[in-house]
Amino acid sequence: MERIKKLSLWSGLLGFVVVALGAWTRLADAGLGCPDWPGCYGFVTIPVSPEEIDLANSKFPDTPYEVAKAIPEVVHRYFAAALGFMILCIAFLSFKNKELPSDIRRLSFFLIAWVIMQGTFGYWTVSLKLWPQVVTTHLMSGFLTTGLLWLLYYKAKDRLETRTHWNFSSTTKKLFTISIVIVAIQIFLGAWTSTNYASYSCTDFPLCQGEILPDANFKEGFNFFQSIGPNYLGGQLDHESRVAIHLTHRFGAVVVTLFLLFVSYHLYVRKFQTLALGLVGFLTLQVLLGISNVIFALPLLIAVGHNLGGLLLITYLGILRLREH
């Protein structure tokens, strides 16, 4: 149990790193920095010498080699592979130790199956040339992987150490469940905004192009049955469709903020002041990062931070809801 606790802790921390690297890769337009998978232009790492670069360009003439884009992609892949290996070790330990609690064993086995699926989506991200449906699913799957690793850590920790149980009421648990659902929807909207390159569609705040409701095409913006390919780098939607996506993400942020503030108040009056303040703190951080993305025109570090803020928020809510089950 102790080894599973330590492995899940380090895996959970690494999960945040992998999500950050994935966001960095996507936001730096490096999603196709390596046009093949799992190698990069046919190499285990990246082409370095002039001869290797010439060979890479001859193999993939439609995607000329750019070292500034290949590096983020390869770094992300290697860290993701390291995380997959650590999850494999957790599953092996759970399989070997038949005396572990059933919830920990089930969670360990689910994680290994999930990370295999996540790797498949990583392959499809490249092979389908950044098709938004796949990239969005890949991002959200990474969030779930990290959240489950932290849940596994706390469940293992609770078996080894004595702690005060929260004993939340059924009403509080329902509020947490609703919170997780609406935050997950908001994360999806943020991912959909990013993968369709809609982040620059509204460059002012709090208005969008000087209006509350500018011209927007919601039907095409949320057409999940768009054709595949040939290449989604830079996006394929028209301006009005991207505006619709961006606006929906903004409106969703208002809904999430108001509801989580209500949940925080609910926790505070029921004597869970520390948990309430933690929720308000994570929410405030995420709102400020989102606004900064617009005001400062999507600087890379702030945009990556916004991804991590969403991960932190939903992981926190998930642990509050599921830790004692």
# chains A, B, ... in the order shown; residues from 1 in each chain; ligands from 1

call {"tool": "residues_around", "arguments": {"residues": "stretch 166-179 of chain A", "least_positions_apart": "4", "cutoff": "7 Å", "atoms": "only C-alpha atoms", "output": "NGL selection string"}}
result
:A and (183 or 260 or 263 or 317 or 321)

call {"tool": "residues_around", "arguments": {"residues": "A:Thr63", "least_positions_apart": "5", "cutoff": "9 Å", "atoms": "only C-alpha atoms", "output": "tab-separated table (two decimals) with C-alpha atoms, in the first residue's frame"}}
result
chain	number	residue	atom	x	y	z
A	32	LEU	CA	2.12	18.29	-35.84
A	33	GLY	CA	5.72	19.04	-34.92
A	34	CYS	CA	6.23	15.33	-35.58
A	35	PRO	CA	4.02	14.12	-38.46
A	57	ASN	CA	12.34	16.27	-45.07

call {"tool": "atom_distance", "arguments": {"atom1": "atom CA of A:Trp131", "atom2": "atom CA of A:Asn231"}}
result
7.5 Å

call {"tool": "residues_around", "arguments": {"residues": "A:Gly119", "least_positions_apart": "4", "cutoff": "10 Å", "atoms": "only C-alpha atoms", "output": "list in words"}}
result
Pro38, Arg77, Ala80, Ala81, Gly84, Trp114, Val115, Tyr123, Trp124, Thr125, His138, Ser141 and Gly142 of chain A

call {"tool": "atom_distance", "arguments": {"atom1": "atom CA of A:Glu73", "atom2": "atom CA of A:Cys40"}}
result
8.7 Å

call {"tool": "residues_around", "arguments": {"residues": "A:Thr248", "least_positions_apart": "4", "cutoff": "8 Å", "atoms": "only C-alpha atoms", "output": "list in words"}}
result
Leu189, Ala244 and Gly252 of chain A

call {"tool": "write_last_selection", "arguments": {"atoms": "N, CA and C atoms", "output": "short mmCIF file (atom, residue, chain, number, x, y, z; two decimals), in the first residue's frame"}}
result
data_model
loop_
_atom_site.label_atom_id
_atom_site.label_comp_id
_atom_site.auth_asym_id
_atom_site.auth_seq_id
_atom_site.Cartn_x
_atom_site.Cartn_y
_atom_site.Cartn_z
N LEU A 189 -15.56 23.12 -23.17
CA LEU A 189 -15.72 24.34 -23.97
C LEU A 189 -14.38 25.05 -24.15
N ALA A 244 -18.80 32.10 -31.94
CA ALA A 244 -19.82 31.36 -31.20
C ALA A 244 -19.18 30.47 -30.13
N GLY A 252 -20.27 30.24 -20.21
CA GLY A 252 -20.11 29.11 -19.31
C GLY A 252 -19.30 29.48 -18.08
#

call {"tool": "residues_around", "arguments": {"residues": "A:Thr145", "least_positions_apart": "6", "cutoff": "12 Å", "atoms": "only C-alpha atoms", "output": "ChimeraX atom specification"}}
result
/A:8,11-16,18-19,80,83-84,87,107-108,110-119,138-139,151-152,311,314-315

call {"tool": "write_last_selection", "arguments": {"atoms": "C-alpha atoms", "output": "PDB file, in the first residue's frame"}}
result
ATOM      1  CA  SER A   8       0.337   7.573  -7.218  1.00  0.00           C
ATOM      2  CA  SER A  11       2.268  10.015 -10.929  1.00  0.00           C
ATOM      3  CA  GLY A  12      -0.276  12.679  -9.962  1.00  0.00           C
ATOM      4  CA  LEU A  13       2.432  15.343  -9.962  1.00  0.00           C
ATOM      5  CA  LEU A  14       3.726  14.072 -13.293  1.00  0.00           C
ATOM      6  CA  GLY A  15       0.160  14.199 -14.626  1.00  0.00           C
ATOM      7  CA  PHE A  16       0.126  17.967 -14.113  1.00  0.00           C
ATOM      8  CA  VAL A  18       2.121  16.126 -18.885  1.00  0.00           C
ATOM      9  CA  VAL A  19      -1.035  18.268 -19.133  1.00  0.00           C
ATOM     10  CA  ALA A  80       3.486  10.946 -21.275  1.00  0.00           C
ATOM     11  CA  LEU A  83       3.520   8.550 -16.826  1.00  0.00           C
ATOM     12  CA  GLY A  84       2.147   5.498 -18.610  1.00  0.00           C
ATOM     13  CA  ILE A  87       0.641   3.718 -14.033  1.00  0.00           C
ATOM     14  CA  LEU A 107      -9.083   2.102  -9.741  1.00  0.00           C
ATOM     15  CA  SER A 108      -5.552   0.888 -10.538  1.00  0.00           C
ATOM     16  CA  PHE A 110      -9.081   1.143 -14.715  1.00  0.00           C
ATOM     17  CA  LEU A 111      -6.178   3.581 -14.923  1.00  0.00           C
ATOM     18  CA  ILE A 112      -4.027   1.221 -16.974  1.00  0.00           C
ATOM     19  CA  ALA A 113      -6.877   0.612 -19.415  1.00  0.00           C
ATOM     20  CA  TRP A 114      -7.564   4.335 -19.557  1.00  0.00           C
ATOM     21  CA  VAL A 115      -3.944   5.291 -20.238  1.00  0.00           C
ATOM     22  CA  ILE A 116      -3.827   2.807 -23.135  1.00  0.00           C
ATOM     23  CA  MET A 117      -6.869   4.533 -24.604  1.00  0.00           C
ATOM     24  CA  GLN A 118      -5.188   7.886 -23.980  1.00  0.00           C
ATOM     25  CA  GLY A 119      -2.167   6.749 -25.968  1.00  0.00           C
ATOM     26  CA  HIS A 138      -7.316  13.643 -25.727  1.00  0.00           C
ATOM     27  CA  LEU A 139      -7.043  16.728 -23.519  1.00  0.00           C
ATOM     28  CA  LEU A 151      -7.949  10.170  -5.955  1.00  0.00           C
ATOM     29  CA  LEU A 152      -5.958   6.933  -5.799  1.00  0.00           C
ATOM     30  CA  LEU A 311      -7.276  20.685 -13.901  1.00  0.00           C
ATOM     31  CA  ILE A 314     -11.912  19.749 -11.129  1.00  0.00           C
ATOM     32  CA  THR A 315      -9.396  17.544  -9.280  1.00  0.00           C
TER      33      THR A 315
END

call {"tool": "residues_around", "arguments": {"residues": "A:Leu283", "least_positions_apart": "4", "cutoff": "12 Å", "atoms": "only C-alpha atoms", "output": "VMD selection string"}}
result
chain A and resid 179 183 253 to 254 256 to 264 276 to 279 287 to 290 306 308 to 314 316 to 317

call {"tool": "closest_residue", "arguments": {"among": "A:Glu220, A:Gly305, A:Ala20, A:Ile291", "to": "A:Phe79", "atoms": "only C-alpha atoms"}}
result
A:Ala20

call {"tool": "atom_distance", "arguments": {"atom1": "atom CA of A:Val255", "atom2": "atom CA of A:Gln186"}}
result
9.3 Å

call {"tool": "select_by_dssp", "arguments": {"residues": "stretch 82-247 of chain A", "states": "helix (DSSP H, G or I)", "output": "PyMOL selection string"}}
result
chain A and resi 82-96+102-127+132-160+170-195+218-221+239-247

call {"tool": "residues_around", "arguments": {"residues": "stretch 41-56 of chain A", "least_positions_apart": "4", "cutoff": "7 Å", "atoms": "only C-alpha atoms", "output": "PyMOL selection string"}}
result
chain A and resi 34-36+60+65+70+74

call {"tool": "write_last_selection", "arguments": {"atoms": "N, CA and C atoms", "output": "mmCIF file, in the first residue's frame"}}
result
data_model
loop_
_atom_site.group_PDB
_atom_site.id
_atom_site.type_symbol
_atom_site.label_atom_id
_atom_site.label_comp_id
_atom_site.auth_asym_id
_atom_site.auth_seq_id
_atom_site.Cartn_x
_atom_site.Cartn_y
_atom_site.Cartn_z
ATOM 1 N N CYS A 34 5.773 16.624 -35.072
ATOM 2 C CA CYS A 34 6.226 15.326 -35.584
ATOM 3 C C CYS A 34 5.050 14.735 -36.356
ATOM 4 N N PRO A 35 5.157 14.579 -37.667
ATOM 5 C CA PRO A 35 4.020 14.117 -38.461
ATOM 6 C C PRO A 35 3.747 12.624 -38.363
ATOM 7 N N ASP A 36 4.608 11.884 -37.658
ATOM 8 C CA ASP A 36 4.418 10.449 -37.480
ATOM 9 C C ASP A 36 4.336 10.147 -35.984
ATOM 10 N N PHE A 60 9.026 13.201 -45.355
ATOM 11 C CA PHE A 60 7.756 13.922 -45.138
ATOM 12 C C PHE A 60 7.822 15.280 -45.840
ATOM 13 N N TYR A 65 10.527 19.957 -41.661
ATOM 14 C CA TYR A 65 10.968 19.843 -40.273
ATOM 15 C C TYR A 65 11.236 21.218 -39.673
ATOM 16 N N ALA A 70 9.179 20.508 -33.204
ATOM 17 C CA ALA A 70 9.429 19.099 -32.916
ATOM 18 C C ALA A 70 9.776 18.890 -31.442
ATOM 19 N N VAL A 74 8.012 16.108 -28.929
ATOM 20 C CA VAL A 74 8.777 14.959 -28.447
ATOM 21 C C VAL A 74 8.861 14.954 -26.926
#
